[in-house]
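> Below is the file my_file_39.cif, with mmCIF, C-alpha atoms.
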```
data_coords
#
loop_
_atom_site.label_atom_id
_atom_site.label_comp_id
_atom_site.auth_asym_id
_atom_site.auth_seq_id
_atom_site.Cartn_x
_atom_site.Cartn_y
_atom_site.Cartn_z
CA MET A 171 10.53 -1.87 -41.21
CA GLY A 172 9.92 -0.41 -44.63
CA PHE A 173 11.76 -3.34 -46.21
CA SER A 174 9.48 -5.91 -44.57
CA HIS A 175 6.43 -3.93 -45.65
CA ALA A 176 7.75 -3.80 -49.22
CA VAL A 177 8.44 -7.55 -49.19
CA GLY A 178 4.89 -8.16 -47.94
CA VAL A 179 3.39 -6.00 -50.66
CA VAL A 180 5.52 -7.75 -53.31
CA GLY A 181 4.34 -11.15 -52.01
CA VAL A 182 0.68 -10.16 -52.21
CA LEU A 183 1.18 -8.78 -55.71
CA MET A 184 2.85 -12.01 -56.80
CA LEU A 185 -0.08 -14.04 -55.49
CA ALA A 186 -2.51 -11.78 -57.32
CA HIS A 187 -0.47 -12.06 -60.52
CA ALA A 188 -0.37 -15.86 -60.22
CA ALA A 189 -4.17 -15.92 -59.86
CA TYR A 190 -4.59 -13.67 -62.92
CA ALA A 191 -2.17 -15.82 -64.94
CA THR A 192 -4.11 -18.99 -64.02
CA ILE A 193 -7.40 -17.43 -65.10
CA GLN A 194 -5.85 -16.34 -68.40
CA TYR A 195 -4.39 -19.84 -68.92
CA ARG A 196 -7.81 -21.39 -68.32
CA SER A 197 -9.51 -19.11 -70.83
CA LEU A 198 -6.72 -19.97 -73.33
CA LEU A 199 -7.42 -23.67 -72.78
CA LYS A 200 -11.13 -23.05 -73.28
CA ILE A 201 -10.33 -21.58 -76.68
CA THR A 202 -8.21 -24.58 -77.65
CA GLU A 203 -10.78 -26.90 -75.99
CA GLU A 204 -8.31 -28.79 -73.82
CA GLN A 205 -8.71 -30.09 -70.29
CA PHE A 206 -7.55 -27.89 -67.45
CA MET A 207 -4.98 -30.09 -65.74
CA GLY A 208 -3.33 -27.55 -63.52
CA PRO A 209 -1.63 -24.23 -63.81
CA PRO A 210 1.71 -24.13 -65.62
CA ILE A 211 4.89 -24.73 -63.69
CA THR A 212 5.95 -21.09 -63.77
CA VAL A 213 2.71 -20.05 -62.08
CA VAL A 214 3.22 -22.68 -59.37
CA VAL A 215 6.76 -21.44 -58.75
CA GLU A 216 5.45 -17.90 -58.55
CA LEU A 217 2.76 -19.04 -56.07
CA VAL A 218 5.29 -20.67 -53.75
CA ALA A 219 7.61 -17.66 -53.92
CA GLY A 220 4.71 -15.32 -53.14
CA LEU A 221 3.75 -17.54 -50.19
CA PHE A 222 7.24 -17.36 -48.73
CA PHE A 223 7.43 -13.60 -49.15
CA CYS A 224 4.09 -13.10 -47.41
CA LEU A 225 5.07 -15.46 -44.58
CA TRP A 226 8.37 -13.68 -44.03
CA ALA A 227 6.72 -10.27 -43.98
CA ALA A 228 3.99 -11.45 -41.57
CA LEU A 229 6.62 -12.66 -39.13
CA THR A 230 8.93 -9.67 -39.29
CA VAL A 231 6.52 -6.72 -39.51
CA PRO A 232 4.91 -6.99 -36.03
CA GLY A 233 8.30 -6.76 -34.29
CA LYS A 234 8.97 -8.64 -31.05
CA PHE A 235 6.49 -11.40 -30.25
CA LEU A 236 5.35 -11.78 -26.62
CA LEU A 237 5.80 -15.08 -24.82
CA ILE A 238 2.67 -17.11 -24.17
CA LEU A 239 3.84 -19.50 -21.47
CA PRO A 240 2.57 -18.34 -18.06
CA GLN A 241 5.71 -19.57 -16.34
CA SER A 242 8.19 -17.93 -18.68
CA ASP A 243 10.54 -15.42 -17.20
CA GLU A 244 8.48 -12.45 -18.33
CA ASN A 245 4.98 -13.59 -17.59
CA ARG A 246 5.38 -15.31 -14.26
CA VAL A 247 3.30 -13.99 -11.39
CA VAL A 248 5.61 -12.34 -8.91
CA ALA A 249 3.12 -11.11 -6.35
CA LEU A 250 -0.59 -10.92 -5.74
CA PRO A 251 -2.10 -7.44 -5.67
CA PHE A 252 -2.52 -5.98 -2.24
CA ASN A 253 -6.08 -5.96 -0.91
CA LEU A 254 -6.43 -2.21 -0.85
CA ASP A 255 -10.11 -2.36 0.07
CA PHE A 256 -9.23 -3.94 3.40
CA MET A 257 -6.31 -1.67 4.21
CA ILE A 258 -6.17 -0.57 7.82
CA PHE A 259 -4.44 2.55 9.08
CA ASN A 260 -3.93 1.25 12.57
CA HIS A 261 -0.39 0.01 12.03
CA ARG A 262 3.01 0.64 13.54
CA GLY A 263 3.79 3.26 10.91
CA LYS A 264 2.35 5.75 13.36
CA ALA A 265 5.62 5.59 15.24
CA PHE A 266 7.66 6.73 12.24
CA SER A 267 7.43 10.32 11.15
CA LEU A 268 8.12 10.88 7.51
CA GLY A 269 9.60 14.31 7.99
CA ILE A 270 8.15 15.62 4.75
CA ASP A 271 6.78 19.08 4.94
CA MET A 272 4.11 19.39 2.33
CA LYS A 273 1.95 22.39 1.74
CA ILE A 274 -0.57 22.76 -1.03
CA LYS A 275 -1.19 26.06 -2.72
CA MET B 147 -1.35 -10.32 -10.43
CA VAL B 148 1.92 -8.57 -10.77
CA SER B 149 4.00 -10.17 -13.49
CA LYS B 150 7.77 -9.99 -13.70
CA THR B 151 7.81 -7.44 -16.53
CA GLU B 152 5.48 -5.18 -14.58
CA GLU B 153 7.64 -5.51 -11.51
CA ASP B 154 10.77 -4.66 -13.52
CA GLN B 155 9.00 -1.66 -14.97
CA LEU B 156 7.93 -0.56 -11.50
CA ILE B 157 11.44 -0.86 -10.08
CA ARG B 158 12.89 1.00 -13.03
CA LEU B 159 10.40 3.86 -12.67
CA GLU B 160 10.97 3.96 -8.92
CA ASN B 161 14.73 4.31 -9.37
CA GLN B 162 14.22 6.89 -12.04
CA VAL B 163 11.90 9.01 -9.92
CA GLU B 164 14.05 8.71 -6.82
CA ASN B 165 17.19 9.80 -8.61
CA GLY B 166 15.58 12.94 -9.83
CA GLY B 167 14.49 11.96 -13.33
CA GLY B 168 10.93 12.67 -14.38
CA GLY B 169 8.21 10.08 -14.70
CA ALA B 170 6.47 10.57 -11.35
CA TRP B 171 3.05 10.60 -13.00
CA GLU B 172 3.72 7.30 -14.82
CA TYR B 173 4.91 5.79 -11.56
CA LEU B 174 1.73 6.87 -9.78
CA CYS B 175 -0.44 5.49 -12.59
CA LEU B 176 1.43 2.18 -12.51
CA VAL B 177 1.03 1.88 -8.74
CA ARG B 178 -2.69 2.59 -9.11
CA LYS B 179 -3.05 0.02 -11.88
CA LEU B 180 -1.17 -2.74 -10.06
CA LYS B 181 -2.89 -1.93 -6.75
CA LEU B 182 0.27 -1.80 -4.71
CA ARG B 183 0.75 -0.24 -1.34
CA ARG B 184 3.65 2.16 -1.75
CA SER B 185 2.18 4.83 0.45
CA ASP B 186 5.34 6.71 1.35
CA LYS B 187 6.47 7.14 -2.26
CA VAL B 188 2.98 7.90 -3.53
CA PHE B 189 2.59 10.53 -0.84
CA LYS B 190 5.98 12.12 -1.52
CA TYR B 191 5.74 12.35 -5.28
CA GLY B 192 2.00 12.87 -5.43
CA SER B 193 2.05 15.83 -3.11
CA ALA B 194 5.04 17.20 -5.02
CA ILE B 195 2.93 17.19 -8.18
CA LEU B 196 -0.13 18.57 -6.44
CA SER B 197 1.71 21.45 -4.78
CA ASP B 198 3.04 22.63 -8.10
CA HIS B 199 0.27 24.58 -9.78
CA LYS B 200 1.68 24.12 -13.28
CA LYS B 201 2.01 20.34 -13.00
CA ARG B 202 -1.41 20.12 -11.43
CA SER B 203 -3.15 21.88 -14.28
CA ALA B 204 -1.17 19.79 -16.78
CA LEU B 205 -2.99 16.73 -15.49
CA GLY B 206 -6.43 17.92 -16.48
CA PRO B 207 -9.34 15.85 -15.14
CA GLU B 208 -6.95 13.21 -13.82
CA GLU B 209 -5.94 15.48 -10.94
CA TRP B 210 -9.00 14.47 -8.89
CA THR B 211 -8.06 10.78 -9.05
CA LEU B 212 -4.58 11.83 -7.98
CA TYR B 213 -6.06 13.78 -5.06
CA GLU B 214 -7.90 10.66 -3.96
CA GLN B 215 -4.85 8.44 -4.32
CA VAL B 216 -2.56 10.81 -2.42
CA ALA B 217 -5.19 11.39 0.29
CA ILE B 218 -5.34 7.66 0.99
CA ALA B 219 -1.52 7.46 0.95
CA ALA B 220 -1.36 10.39 3.38
CA MET B 221 -3.73 8.59 5.73
CA ASP B 222 -1.52 5.53 5.52
CA CYS B 223 1.55 7.63 6.37
CA GLN B 224 -0.38 9.17 9.28
CA ARG B 225 -0.25 12.66 7.81
CA LEU B 226 -3.88 13.29 8.66
CA ASP B 227 -3.64 17.07 8.28
CA VAL B 228 -2.56 16.79 4.66
CA ALA B 229 -5.23 14.19 4.00
CA LYS B 230 -7.84 16.53 5.46
CA GLU B 231 -6.69 19.34 3.14
CA TYR B 232 -6.96 17.16 0.07
CA ILE B 233 -10.38 15.86 1.06
CA LYS B 234 -11.57 19.43 1.55
CA VAL B 235 -10.41 20.27 -1.98
CA LEU B 236 -12.26 17.26 -3.34
CA GLN B 237 -15.36 18.21 -1.39
CA GLY B 238 -15.20 21.66 -2.89
CA LYS B 239 -15.23 20.21 -6.35
CA PHE B 240 -17.66 17.34 -5.89
CA HIS B 241 -20.42 18.23 -3.43
CA ASP B 242 -22.52 15.37 -2.13
CA SER B 243 -20.34 12.75 -3.68
CA LYS B 244 -20.43 9.30 -2.15
CA ARG B 245 -16.81 8.72 -3.05
CA VAL B 246 -15.75 11.81 -1.11
CA GLY B 247 -18.05 10.76 1.74
CA ARG B 248 -16.22 7.46 1.82
CA LEU B 249 -12.89 9.26 2.00
CA GLU B 250 -14.13 11.33 4.92
CA ALA B 251 -15.24 8.22 6.77
CA MET B 252 -11.81 6.68 6.08
CA LEU B 253 -10.24 9.78 7.61
CA LEU B 254 -12.33 9.27 10.75
CA GLU B 255 -11.12 5.67 10.77
CA ALA B 256 -7.50 6.75 10.46
CA LYS B 257 -7.96 9.16 13.35
CA GLY B 258 -9.21 6.27 15.45
CA LEU B 259 -12.77 7.58 15.94
CA TRP B 260 -14.42 4.23 15.35
CA ALA B 261 -17.93 5.16 16.46
CA GLU B 262 -18.15 8.21 14.20
CA ALA B 263 -16.74 6.24 11.29
CA GLU B 264 -19.31 3.51 11.87
CA LYS B 265 -22.09 6.10 11.88
CA ALA B 266 -20.75 7.66 8.68
CA TYR B 267 -20.59 4.27 6.94
CA SER B 268 -24.12 3.32 8.04
CA SER B 269 -25.52 6.59 6.72
CA LEU B 270 -23.69 6.07 3.41
CA LEU B 271 -25.06 2.55 3.24
CA GLU B 272 -28.61 3.76 3.74
CA GLU B 273 -28.37 5.70 0.52
CA SER B 274 -26.79 2.90 -1.52
CA GLN B 275 -27.30 -0.50 0.00
CA PHE B 276 -25.08 -2.41 -2.34
CA ASP B 277 -21.87 -0.45 -2.27
CA GLN B 278 -19.18 -3.09 -2.06
CA VAL B 279 -16.37 -0.84 -0.89
CA ILE B 280 -18.29 0.46 2.14
CA HIS B 281 -19.09 -3.09 3.27
CA LYS B 282 -15.43 -3.94 2.98
CA ARG B 283 -14.41 -0.84 4.94
CA ARG B 284 -16.65 -2.01 7.77
CA VAL B 285 -14.80 -5.31 7.81
CA ALA B 286 -11.48 -3.46 7.78
CA MET B 287 -12.64 -1.35 10.74
CA ALA B 288 -13.52 -4.42 12.77
CA LYS B 289 -10.12 -5.86 11.90
CA ALA B 290 -8.34 -2.65 12.91
CA GLN B 291 -10.04 -2.67 16.29
CA GLY B 292 -8.76 -6.18 16.84
CA ASN B 293 -12.25 -7.67 16.72
CA LEU B 294 -11.38 -10.50 14.34
CA SER B 295 -14.51 -12.54 15.03
CA GLY B 296 -16.62 -9.48 14.28
CA ALA B 297 -14.66 -8.99 11.08
CA ILE B 298 -15.36 -12.62 10.14
CA GLU B 299 -19.07 -12.11 10.79
CA TRP B 300 -19.25 -9.00 8.63
CA LEU B 301 -17.18 -10.62 5.91
CA ASN B 302 -19.39 -13.71 5.86
CA LYS B 303 -22.48 -11.52 5.51
CA TYR B 304 -20.76 -9.63 2.69
CA LEU B 305 -19.81 -12.83 0.90
CA GLU B 306 -23.38 -14.14 1.10
CA ILE B 307 -24.38 -11.25 -1.16
CA PHE B 308 -21.27 -10.84 -3.26
CA MET B 309 -20.06 -14.37 -3.72
CA ALA B 310 -17.78 -13.64 -6.66
CA ASP B 311 -15.44 -11.23 -4.92
CA HIS B 312 -12.21 -13.18 -4.80
CA ASP B 313 -10.35 -10.50 -2.85
CA ALA B 314 -12.83 -10.91 -0.03
CA TRP B 315 -12.42 -14.69 -0.07
CA ARG B 316 -8.65 -14.22 0.12
CA GLU B 317 -9.02 -11.82 3.05
CA LEU B 318 -11.33 -14.25 4.87
CA ALA B 319 -8.90 -17.12 4.31
CA GLU B 320 -6.04 -15.06 5.75
CA ILE B 321 -8.10 -14.07 8.81
CA TYR B 322 -9.03 -17.72 9.41
CA VAL B 323 -5.41 -18.78 9.13
CA SER B 324 -4.38 -16.11 11.62
CA LEU B 325 -7.00 -17.50 14.02
CA GLN B 326 -5.85 -21.06 13.28
CA MET B 327 -9.29 -22.12 11.98
CA TYR B 328 -7.71 -24.13 9.19
CA LYS B 329 -10.79 -26.05 8.02
CA GLN B 330 -12.64 -22.84 7.26
CA ALA B 331 -9.52 -21.38 5.64
CA ALA B 332 -9.33 -24.47 3.41
CA PHE B 333 -12.93 -23.84 2.33
CA CYS B 334 -12.12 -20.23 1.41
CA TYR B 335 -9.07 -21.31 -0.57
CA GLU B 336 -11.22 -23.87 -2.39
CA GLU B 337 -13.56 -21.08 -3.45
CA LEU B 338 -10.55 -19.08 -4.67
CA LEU B 339 -9.24 -22.04 -6.62
CA LEU B 340 -12.62 -22.54 -8.28
CA SER B 341 -12.69 -19.00 -9.59
CA HIS B 342 -9.00 -18.60 -10.44
CA PRO B 343 -7.49 -22.02 -11.13
CA THR B 344 -4.51 -20.74 -13.04
CA ILE B 345 -2.82 -18.75 -10.29
CA PRO B 346 -0.16 -20.98 -8.74
CA LEU B 347 0.01 -18.97 -5.51
CA TYR B 348 -3.52 -20.01 -4.55
CA HIS B 349 -2.68 -23.70 -5.08
CA LEU B 350 0.40 -23.17 -2.91
CA SER B 351 -1.54 -21.57 -0.04
CA TYR B 352 -4.19 -24.28 -0.20
CA ALA B 353 -1.53 -26.98 -0.08
CA ASP B 354 0.09 -25.25 2.90
CA VAL B 355 -3.21 -25.21 4.80
CA LEU B 356 -3.86 -28.87 4.01
CA TYR B 357 -0.37 -29.83 5.14
CA THR B 358 -0.93 -27.94 8.38
CA LEU B 359 -4.20 -29.76 9.00
CA GLY B 360 -2.40 -33.11 8.81
CA GLY B 361 -3.82 -36.59 8.48
CA VAL B 362 -3.08 -38.97 5.62
CA GLU B 363 -5.96 -37.83 3.40
CA ASN B 364 -5.01 -34.17 3.71
CA LEU B 365 -1.34 -34.96 3.14
CA HIS B 366 -2.16 -36.77 -0.09
CA ALA B 367 -4.28 -33.84 -1.24
CA ALA B 368 -1.55 -31.37 -0.23
CA LYS B 369 0.95 -33.34 -2.29
CA LYS B 370 -1.38 -33.12 -5.30
CA TYR B 371 -1.71 -29.35 -4.95
CA TYR B 372 2.03 -28.85 -4.52
CA ALA B 373 2.41 -30.87 -7.71
CA ALA B 374 -0.17 -28.63 -9.39
CA THR B 375 1.82 -25.56 -8.34
CA ILE B 376 4.99 -27.05 -9.79
CA ASP B 377 3.11 -27.76 -12.99
CA LEU B 378 1.81 -24.21 -13.26
CA THR B 379 5.16 -22.59 -12.53
CA GLY B 380 7.21 -24.88 -14.75
CA GLY B 381 9.08 -26.39 -11.83
CA LYS B 382 10.57 -23.13 -10.58
CA ASN B 383 8.73 -22.79 -7.30
CA THR B 384 11.14 -23.91 -4.58
CA ARG B 385 8.51 -23.83 -1.85
CA ALA B 386 6.34 -26.32 -3.71
CA LEU B 387 9.32 -28.64 -4.25
CA PHE B 388 10.07 -28.57 -0.54
CA GLY B 389 6.39 -29.14 0.14
CA ILE B 390 6.40 -32.34 -1.88
CA CYS B 391 9.45 -33.69 -0.05
CA LEU B 392 7.92 -32.91 3.34
CA CYS B 393 4.52 -34.38 2.40
CA ALA B 394 6.10 -37.56 1.06
CA SER B 395 8.15 -38.08 4.22
CA ALA B 396 5.17 -37.29 6.47
CA ILE B 397 2.96 -39.75 4.57
CA ALA B 398 5.63 -42.43 4.78
CA GLN B 399 5.93 -41.85 8.52
CA LEU B 400 2.19 -42.10 9.07
CA THR B 401 1.74 -45.21 6.93
CA ARG B 402 4.77 -47.00 8.32
CA GLY B 403 3.96 -50.58 9.01
CA ARG B 404 1.14 -50.79 6.49
CA ASN B 405 1.87 -52.22 3.06
CA LYS B 406 4.55 -50.11 1.53
CA ASP B 407 3.99 -50.51 -2.19
CA ASP B 408 3.69 -46.79 -2.67
CA LYS B 409 6.37 -46.44 -5.30
CA GLU B 410 4.86 -43.32 -6.76
CA ASN B 411 5.37 -41.58 -3.43
CA SER B 412 9.09 -42.26 -3.26
CA GLU B 413 9.53 -41.56 -6.97
CA LEU B 414 7.97 -38.11 -6.60
CA HIS B 415 10.11 -37.50 -3.53
CA SER B 416 13.36 -38.35 -5.31
CA LEU B 417 12.38 -36.33 -8.38
CA SER B 418 11.64 -33.20 -6.38
CA ALA B 419 14.81 -33.70 -4.30
CA ALA B 420 16.83 -33.84 -7.51
CA ALA B 421 15.11 -30.70 -8.82
CA LEU B 422 15.82 -28.89 -5.55
CA GLU B 423 19.51 -29.79 -5.66
CA LYS B 424 19.76 -28.58 -9.23
CA ALA B 425 18.07 -25.30 -8.38
CA TYR B 426 20.31 -24.74 -5.35
CA LYS B 427 23.46 -25.50 -7.35
CA GLN B 428 22.44 -22.78 -9.76
CA GLU B 429 21.29 -20.14 -7.32
CA SER B 430 23.34 -20.53 -4.15
CA PRO B 431 26.01 -23.22 -4.45
CA THR B 432 27.30 -22.59 -0.92
CA LYS B 433 24.12 -24.02 0.61
CA VAL B 434 24.02 -27.25 -1.38
CA SER B 435 25.63 -29.25 1.45
CA VAL B 436 23.05 -27.97 3.97
CA LEU B 437 20.27 -28.88 1.55
CA SER B 438 21.54 -32.41 0.86
CA SER B 439 21.93 -33.20 4.56
CA ALA B 440 18.38 -31.93 5.24
CA LEU B 441 16.96 -34.00 2.39
CA ARG B 442 18.85 -37.07 3.55
CA SER B 443 17.44 -36.75 7.06
CA LEU B 444 13.93 -36.48 5.53
CA LYS B 445 14.49 -39.66 3.57
CA VAL B 446 15.90 -41.50 6.57
CA SER B 447 12.92 -40.68 8.74
CA SER B 448 10.55 -41.87 6.00
#
```
When written as structure tokens, how does the structure in this file appear?

Amino acid sequence: MGFSHAVGVVGVLMLAHAAYATIQYRSLLKITEEQFMGPPITVVVELVAGLFFCLWAALTVPGKFLLILPQSDENRVVALPFNLDFMIFNHRGKAFSLGIDMKIK
Amino acid sequence: MVSKTEEDQLIRLENQVENGGGGAWEYLCLVRKLKLRRSDKVFKYGSAILSDHKKRSALGPEEWTLYEQVAIAAMDCQRLDVAKEYIKVLQGKFHDSKRVGRLEAMLLEAKGLWAEAEKAYSSLLEESQFDQVIHKRRVAMAKAQGNLSGAIEWLNKYLEIFMADHDAWRELAEIYVSLQMYKQAAFCYEELLLSHPTIPLYHLSYADVLYTLGGVENLHAAKKYYAATIDLTGGKNTRALFGICLCASAIAQLTRGRNKDDKENSELHSLSAAALEKAYKQESPTKVSVLSSALRSLKVSS
């Protein structure tokens, strides 16, 4: 759990560092008056690595994902709720005695 | 709607409580949430908690809900004396409460004193005209006295005001089916399907009613709704698969002699027969021979 958190934090930091490096590179180019073609290869590699770290952390930190299919083995409807508002007490259970002796204090 | 995980949880808690482990309070909360009718267990464990002064005070303000739940369970188990005690306790705490008044009227109902209960409900209704539960109790009273047509009348009046109450529509559909008034039952199920189209059990009941009504149009519609049930349950509902086979053979019997280019009918029939055989091989392989002979006789008669 702590490991996934740490990986996530490292990924975010790498993305932030890549952004900072790109901004610095751009200001360097402005000084040398060249066109900004794209960030250097190292920054791109760092971006991709940071992306993968963040993805991995996002998938492992929450733990077990729930199924979304309504007919999957966990989510399927087994029974409808009983209509308790229409419950009648006039049933054959009167013939059975529960034999529980309950007293309240 | 009770899902499989909730049912597993319920069974686990039930076993745990019955074998002496703790967890009675969680069990009672789960039963209340899922709206199940486990009156004997609720009564047993609920009154055990309520008789123990320590456990009762540990509940805090929840103990009054527990009193109500166990009082209703006691009425269902015909322990009217215990129910009366609990209602007296509730009355002591909440004077002039409509909820407690409702419980008292339910006690009169459980005792069988229909006239007094009717009077109590009417007086409660005078104070609050739009209390849904009291209207529904009146319907339940008519049903308990065996006056099903009276129950239908009350329920229709209730549904004119509260049209969105799907439990009431379900109850009305079941009463109609028990009286064999299938056209009206089909109407009620249509209302249910409109409000809750994703519950496969409603599609199944509607298809059953249509199949019972008979006639080629209704059989075609029943086949469509069985197919919808199969779609919603991912092909696992055996009853719907059987329904399709029966509908297909009934349609073929009725339209025998007319032009038989209904390939889709026979294709659906063979597909569902194959699915049934596969399911039976997995679940109960000893009955596969019975199943295949039954399906063959269906096909032969078609």
> Could you check how far CA of Arg283 (chain B) sits from CA of Leu271 (chain B), in Å to one decimal?
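Pair CA of Arg283 (chain B) / CA of Leu271 (chain B) returns 11.3 Å.
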> Please find the residues of chain A near chain B - the criterion being any atom within 7 Å, counting only C-alpha atoms - and write them as JSON, numbers by chain.
{"A": [241, 244, 245, 246, 247, 248, 249, 250, 251, 252, 253, 254, 255, 256, 257, 258, 259, 260, 263, 264, 272, 273, 274, 275]}
> Evaluate the PyMOL selection byres ((chain A and resi 172-188) around 7) here and jot the selected residues down as a ChimeraX atom specification.
/A:171,189-192,213,216-217,220-221,223-224,227,230-231
> Interatomic distance between CA of Ala204 (chain B) and CA of Gln162 (chain B)?
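Atom-to-atom, CA of Ala204 (chain B) and CA of Gln162 (chain B) are spaced 20.6 Å apart.
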> Excluding region 422-430 of chain B and residues on its chain fewer than 3 positions from it, collect all residues at most 12 Å away from it, counting all atoms listed in the file, and give them as a PDB file with C-alpha atoms, in the coordinates of the input.

```
ATOM      1  CA  ILE B 376       4.990 -27.050  -9.790  1.00  0.00           C
ATOM      2  CA  GLY B 381       9.080 -26.390 -11.830  1.00  0.00           C
ATOM      3  CA  LYS B 382      10.570 -23.130 -10.580  1.00  0.00           C
ATOM      4  CA  ASN B 383       8.730 -22.790  -7.300  1.00  0.00           C
ATOM      5  CA  THR B 384      11.140 -23.910  -4.580  1.00  0.00           C
ATOM      6  CA  ARG B 385       8.510 -23.830  -1.850  1.00  0.00           C
ATOM      7  CA  ALA B 386       6.340 -26.320  -3.710  1.00  0.00           C
ATOM      8  CA  LEU B 387       9.320 -28.640  -4.250  1.00  0.00           C
ATOM      9  CA  PHE B 388      10.070 -28.570  -0.540  1.00  0.00           C
ATOM     10  CA  GLY B 389       6.390 -29.140   0.140  1.00  0.00           C
ATOM     11  CA  ILE B 390       6.400 -32.340  -1.880  1.00  0.00           C
ATOM     12  CA  CYS B 391       9.450 -33.690  -0.050  1.00  0.00           C
ATOM     13  CA  HIS B 415      10.110 -37.500  -3.530  1.00  0.00           C
ATOM     14  CA  SER B 416      13.360 -38.350  -5.310  1.00  0.00           C
ATOM     15  CA  LEU B 417      12.380 -36.330  -8.380  1.00  0.00           C
ATOM     16  CA  SER B 418      11.640 -33.200  -6.380  1.00  0.00           C
ATOM     17  CA  ALA B 419      14.810 -33.700  -4.300  1.00  0.00           C
ATOM     18  CA  LYS B 433      24.120 -24.020   0.610  1.00  0.00           C
ATOM     19  CA  VAL B 434      24.020 -27.250  -1.380  1.00  0.00           C
ATOM     20  CA  SER B 435      25.630 -29.250   1.450  1.00  0.00           C
ATOM     21  CA  VAL B 436      23.050 -27.970   3.970  1.00  0.00           C
ATOM     22  CA  LEU B 437      20.270 -28.880   1.550  1.00  0.00           C
ATOM     23  CA  SER B 438      21.540 -32.410   0.860  1.00  0.00           C
ATOM     24  CA  SER B 439      21.930 -33.200   4.560  1.00  0.00           C
ATOM     25  CA  ALA B 440      18.380 -31.930   5.240  1.00  0.00           C
ATOM     26  CA  LEU B 441      16.960 -34.000   2.390  1.00  0.00           C
ATOM     27  CA  ARG B 442      18.850 -37.070   3.550  1.00  0.00           C
TER      28      ARG B 442
END
```
> Around all the atoms of region 418-437 of chain B listed in the file, with 4 Å of room on each side, what axis-aligned box do you get, giving centre and edge lengths in Å to one decimal, as JSON?

```
{"center_x": 19.5, "center_y": -27.0, "center_z": -2.9, "size_x": 23.7, "size_y": 21.7, "size_z": 21.7}
```
> Since I can't run it myself right now, could you work out what the PyMOL selection byres ((chain B and resi 234) around 12) selects here and report it as a list in words?
Ile274 of chain A; Trp210, Tyr213, Glu214, Ala217, Asp227, Val228, Ala229, Lys230, Glu231, Tyr232, Ile233, Val235, Leu236, Gln237, Gly238, Lys239, Phe240, His241, Val246, Gly247, Leu249, Glu250 and Leu253 of chain B
> Need the shell around Cys393 (chain B): protein/DNA/RNA residues with any atom at most 12 Å away, counting only C-alpha atoms. Skip same-chain ones fewer than 2 positions apart. Format as an MDAnalysis selection string?
chainID B and resid 353:354 356:373 386:391 395:400 411:412 414:415 418 444:445 448
